[in-house]
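Comments concern the structure below.
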Amino acid sequence: MGEAEHTQTTGSRLGVQESGGVSTLEHGQKPPSSPSGKLVSFKVQMLDDTHECFEVSQRAPGKILLDAVCDSLNLSEGDYFGLEFQNNRKLMVWLDLLKPLVKQIRRPKHCVLKFAVKFFPPDPAQLQEELTRYLFALQIKRDLAQGRLICNDSSSALLISHIIQSEIGDFDETVDRQHLASNKYIPQQETLEDKIMEFHRRHIGQTPAESDFQLLEVARRLEMYGVRLHPAKDSEGTKINLTVANTGVLVFQGCTKINSFNWAKIRKLSFKRKRFLIKLRPDLNSAYQDTLEFMMANRDFCKAFWKVCVEHHAFFRLFEEPKPKAKPILFTRGSSFRFSGRTQKQVIDCVKEGGIKNAQFERKHSNIRSIRSLTAQPCEPQSEVPKQSASFTFGDKPDSSTTPSHAAKELKVSNEDVGQSRTPSPKRSPKEDKKDLVDGTMKELKQQSRPQMEQRSTGSLSGSPHLSELSLSSPGGTPAQNTALSPSLSPEMKQASHISSPLLSEPGCIRIDDEDEVRRKRFPTDKAYFIAKEVATTERTYLKDLEVITVWLQNAVNKDDVMPDTLKNLIFSNFDPLHKFHSGFLKEIEQRLAFWEGRSNAHIKGDYQRIGDVMLKNIQNMKQLTVNLQKHEEVLAELERGIQTSRKLELFCRDFELQKICYLPLNTFFLRPLHRLMHYKQIMERLCKHYPPNHVDFRDSRAALAEVSEMVGQLHGAMIKMENFQKLRELKKDLIGIENLVIPGREFIRLGCLSKLSGKGLQQRMFFLFNDVLLYTSRGLTASNQFKIHGQLPLFGMTIEESEEEWAVPHCFTLRGQRQTVIVAASSRVEMDKWIEDIQMAIALSENYTGPAPELLASSPTDSKPPEETILEQESEEDLSASRTSLERQSPHRGNTTVHVCWHRNTSVSMIDFSFAVENQLSGNLLRKFKNSNGWQKLWVVFTNFCLFFYKSHQDSHPLASLPLLGYSITIPSESENIHKDYVFKLQFKSHVYYFRAESEYTFERWMEVIRSATSSASRTRILSRKESHAY
């Protein structure tokens, strides 16, 4: 019981100016904190199901009552919470913080307000205090019991196991069964008891604070996390549910999310009577109308949901509380409701500036008492997750050390890594702390079979132009794998996490700002260290690619039973040994990097600052797997044969490629082991070039280079064949009107956009050049956006000549075949030169072509026309303007391939470019900044297949989004762009600008090198100089 007028508010406790919210007062004025009036007692149900009464003036605004509740809990982060109650229309609504209580609650004696979480952040690491996370855990527990947080049995059991761990401690079968018998966490709990105890057994040694954090980590990955469904109907009368989250407005059908509207795409939210309106930003390529309309039960339901949307948008998207609008003199129009309170960024900044108040509190349902210190932490800001026992580092062992945070400005908002926490006793020596840390770490390591080194976050990159939105949530999989945390053996107790923004892609969201000078001084600067680190980062990506086959594909095949046993054994008997070998290889590299960085005492006992010996040992062991690598060509051929003979297998492979985990064409993953050998060779070449001959690591590095070069030489011919075969297979999926594209002797040379001159003028066409024929197509309005073949030009006997002056069209040239003449124009002089050179080379190759005649491809609608009529042909086809959709709109199937990117960017790619792209793959952490944003954001980035794929962390199984790089230019920012940071490069396509920042000079140069391989054409070396003609 307490009086609000005598209670210290959250803001004043932290030393910040009190905010009364937005009102109709003059700017700068605030409503009185304790207005006069009769004191009324309000009953509040807390999250632990206790009831408290608070006496507040009935004329006081709702904010006074909420502050009183938060102050009674000593809660600094009270802005995430709210009070909900049932109004006089029997509708559950949130207490308006600006309105007087007397106008909202007519009969206080008969009203019970519920203290609940109002704003659910995308990452629990954004919650600074243990008390806040405990209250969030209670909210999750309440949602489970009320059936609001709907999930599968495994997720439910995992959530309950963490709740039980925080309430009764370590696993004891007898105690567990008694506790579950007397406590009901979900309906029909009895069927899950064995699974709950199985999960609980894995949490031994986990403190209540850690259990809360783990509970929130599992919960935030669920589709129904923080969701409050509002029944509605769409324009067709279909029953749906609307809800709002940190990312925007979501649409559910039942309990399945069917659509989402990101804040970046929403221009205005409004309601008219019982119609809820979403006005989208203008987009000619959007599949949606400008304004979407949903019908709700009545006006009150509609207005309540609109208010919640306004508050969520302001809380998660704005940097500061919105300023009040001037009060109209005569008339008012529309609702005067405005968001009141601090935004998420203000809450986080305020808590950090004031220091985390780790006050002791009681866990009502727990037998384990919180042992948080009653004193505030030192002035150094801490954004990491507080723990109650030995400190653990949640994050990437080798990489997390490259971005340590010592200064306050490092700790802006990001959820990239959940950092290391420390709560050491002031009487304990560093040695004792370190011993306990290692003991606790080893204990935890035994419990975690698959460590997850970095925490993931749900996000959307759809707000960024030309970013293909691949995913809005983390993938499925076993909950245990999704939530495992990997402790690090680091004795450094200063690693803090970046708590990331709610949205990855939006300019208005919260960003991080880091102190790179401290990082450079603290960690190795030798180029060899960063070369070794490149081995580790690319090995992680390679291992994930192998898991697409050894884990995801294998599980799908075993479940559906669509693949013949002989083919199944052929595939997995060759890839399983590779996955097992490279898993051990990666662990050894990461251990060496940890020693190199000095995160253990091992560097005292020996010289571990080298990588050549590790590479030599493993490359020699890898030679035993050469037999497996040599069978990959047979694997591809047998898989193709199986697809051709089994419609069921063909559909299975197509459906598997639609999964988020399969971010590249399936056949590409079968080529990864051969590509990886080339990466090893290039890395060892750079290392040998860097070392002087007398370096201690030079001899091993040179020997490793010789070994891997020998393996590459043995397998290079097979790899070239497989690359061409894989490319023909992929092109076949993109084309309509051709059945026998993949035939012996045919080689792909170039694909890209050219404008074809016809009776309608210049029309965009997609051209495909092979060593025997040139095909031209247009994109049809099919469900899969495939390209329809309009004609073919046999290359034998063809001539080519420039004809800009003849047709008065820039960059124009004429192709004269034996039966047909075609006039085309390129987008630039450079593009024209590429096409002319490659076509001339293909004409020369066609003389030696021994495959089937090109007429066996498909009948061309223009083949029967004489040459003089070809120029004036009237092609009947779909309107091209209708097919010029954005990459985001396309169907998931074949919607974002290289062919489609070339179509949109009006460019071309050759087989040489594909080969260079294969050799120039890279992955690692980068900081990204948008053109109009203020801060930098850390992402795990993978470059492959002419594309940047963005992940929250390297542990994520699928990318959040991708950025195709064809057509982009890469430069260094100019002085006028005010990018006052080192190692920054700029990517630009028309008005779309992105800045990326590397951690060192070496990584900066490597990213520049590999991205140039995608944004610039490869050397115009003849294709025959790199590979020999081959047949299948």
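The chains in the structure tokens are called A, B, ... from first to last as shown; in each chain the residues are counted from 1, and the ligands are counted from 1 in the order shown.
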
If we count only C-alpha atoms, what is near Lys303 of chain A at a cut-off of 12 Å, once residues fewer than 4 positions away on the same chain are taken out, given as a list in words?
Leu91, Val93, Trp94, His230, Leu269, Ser270, Phe271, Lys272, Arg273, Lys274, Arg275, Phe276, Leu277, Met295, Met296, Ala297, Asn298, Arg299, Lys307, Val308, Cys309, Val310, Gly334, Ser335, Ser336 and Phe337 of chain A

Grab the residues selected above and save them as a CSV table (one decimal), in the first residue's frame with N, CA and C atoms.
chain,number,residue,atom,x,y,z
A,91,LEU,N,-14.8,-4.7,-22.2
A,91,LEU,CA,-13.7,-4.8,-23.1
A,91,LEU,C,-12.4,-4.7,-22.4
A,93,VAL,N,-8.9,-3.4,-21.9
A,93,VAL,CA,-8.2,-2.3,-22.5
A,93,VAL,C,-7.0,-2.0,-21.6
A,94,TRP,N,-6.0,-1.3,-22.1
A,94,TRP,CA,-4.8,-0.8,-21.4
A,94,TRP,C,-5.2,0.5,-20.7
A,230,HIS,N,-6.7,-10.1,-32.0
A,230,HIS,CA,-7.9,-9.3,-32.1
A,230,HIS,C,-8.7,-9.8,-33.3
A,269,LEU,N,-1.9,4.4,-40.0
A,269,LEU,CA,-2.9,3.5,-39.4
A,269,LEU,C,-4.1,4.3,-38.9
A,270,SER,N,-5.3,3.9,-39.2
A,270,SER,CA,-6.4,4.6,-38.8
A,270,SER,C,-7.6,3.7,-38.7
A,271,PHE,N,-8.7,4.2,-38.2
A,271,PHE,CA,-10.0,3.4,-38.1
A,271,PHE,C,-11.1,4.4,-38.3
A,272,LYS,N,-12.2,3.8,-38.9
A,272,LYS,CA,-13.4,4.5,-39.2
A,272,LYS,C,-14.5,3.6,-38.8
A,273,ARG,N,-15.2,3.9,-37.7
A,273,ARG,CA,-16.2,3.1,-37.1
A,273,ARG,C,-15.6,1.7,-36.8
A,274,LYS,N,-16.1,0.6,-37.4
A,274,LYS,CA,-15.5,-0.7,-37.1
A,274,LYS,C,-14.5,-1.1,-38.2
A,275,ARG,N,-14.1,-0.2,-39.0
A,275,ARG,CA,-13.1,-0.6,-40.1
A,275,ARG,C,-11.7,-0.1,-39.7
A,276,PHE,N,-10.8,-1.1,-39.7
A,276,PHE,CA,-9.4,-0.8,-39.3
A,276,PHE,C,-8.6,-0.7,-40.7
A,277,LEU,N,-7.9,0.5,-40.9
A,277,LEU,CA,-7.3,0.8,-42.2
A,277,LEU,C,-5.8,0.8,-42.0
A,295,MET,N,-12.4,-5.5,-41.1
A,295,MET,CA,-13.6,-5.3,-40.3
A,295,MET,C,-13.5,-5.9,-38.9
A,296,MET,N,-13.8,-5.1,-37.9
A,296,MET,CA,-13.8,-5.7,-36.5
A,296,MET,C,-15.2,-5.7,-36.0
A,297,ALA,N,-15.3,-6.2,-34.8
A,297,ALA,CA,-16.7,-6.4,-34.2
A,297,ALA,C,-17.5,-5.1,-34.1
A,298,ASN,N,-16.8,-4.1,-33.5
A,298,ASN,CA,-17.4,-2.8,-33.4
A,298,ASN,C,-16.4,-1.7,-33.3
A,299,ARG,N,-16.8,-0.5,-33.1
A,299,ARG,CA,-15.9,0.6,-33.0
A,299,ARG,C,-15.0,0.6,-31.9
A,307,LYS,N,-5.1,1.9,-30.8
A,307,LYS,CA,-4.3,2.5,-29.7
A,307,LYS,C,-3.1,1.7,-29.5
A,308,VAL,N,-3.3,0.4,-29.4
A,308,VAL,CA,-2.2,-0.5,-29.1
A,308,VAL,C,-1.1,-0.4,-30.3
A,309,CYS,N,-1.6,-0.3,-31.5
A,309,CYS,CA,-0.7,-0.2,-32.6
A,309,CYS,C,0.1,1.1,-32.5
A,310,VAL,N,-0.5,2.2,-32.2
A,310,VAL,CA,0.2,3.5,-32.1
A,310,VAL,C,1.2,3.4,-31.0
A,334,GLY,N,-10.6,13.8,-35.2
A,334,GLY,CA,-10.0,12.6,-35.0
A,334,GLY,C,-9.7,12.4,-33.5
A,335,SER,N,-9.0,11.3,-33.2
A,335,SER,CA,-8.7,11.0,-31.8
A,335,SER,C,-7.5,11.8,-31.3
A,336,SER,N,-7.5,12.2,-30.1
A,336,SER,CA,-6.3,13.0,-29.5
A,336,SER,C,-5.4,12.0,-28.8
A,337,PHE,N,-5.6,10.7,-29.0
A,337,PHE,CA,-4.7,9.8,-28.3
A,337,PHE,C,-3.3,9.8,-28.8

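Across the structure, atom CA of Ala703 of chain A and atom CA of Leu616 of chain A are spaced 6.7 Å apart.
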
Within 8 Å of Thr291 of chain A using only C-alpha atoms, minus same-chain residues under 2 positions, as a PyMOL selection string
chain A and resi 277-280+289+293

Proximity to Gln630 of chain A - best of A:Gln921, A:Asn574, A:Asn694, A:Thr1003, only C-alpha atoms:
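The shortest atom-to-atom distance to Gln630 of chain A comes from A:Asn574.
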
Name the residues in contact with Phe796 of chain A at a cut-off of 6 Å, using only C-alpha atoms, excluding same-chain residues fewer than 2 positions from it; report them as a PDB file with C-alpha atoms, in the first residue's frame.
ATOM      1  CA  PRO A 794      21.987 -21.747 -83.830  1.00  0.00           C
ATOM      2  CA  MET A 798      26.413 -17.012 -87.388  1.00  0.00           C
ATOM      3  CA  SER A 846      30.193 -24.320 -82.194  1.00  0.00           C
TER       4      SER A 846
END
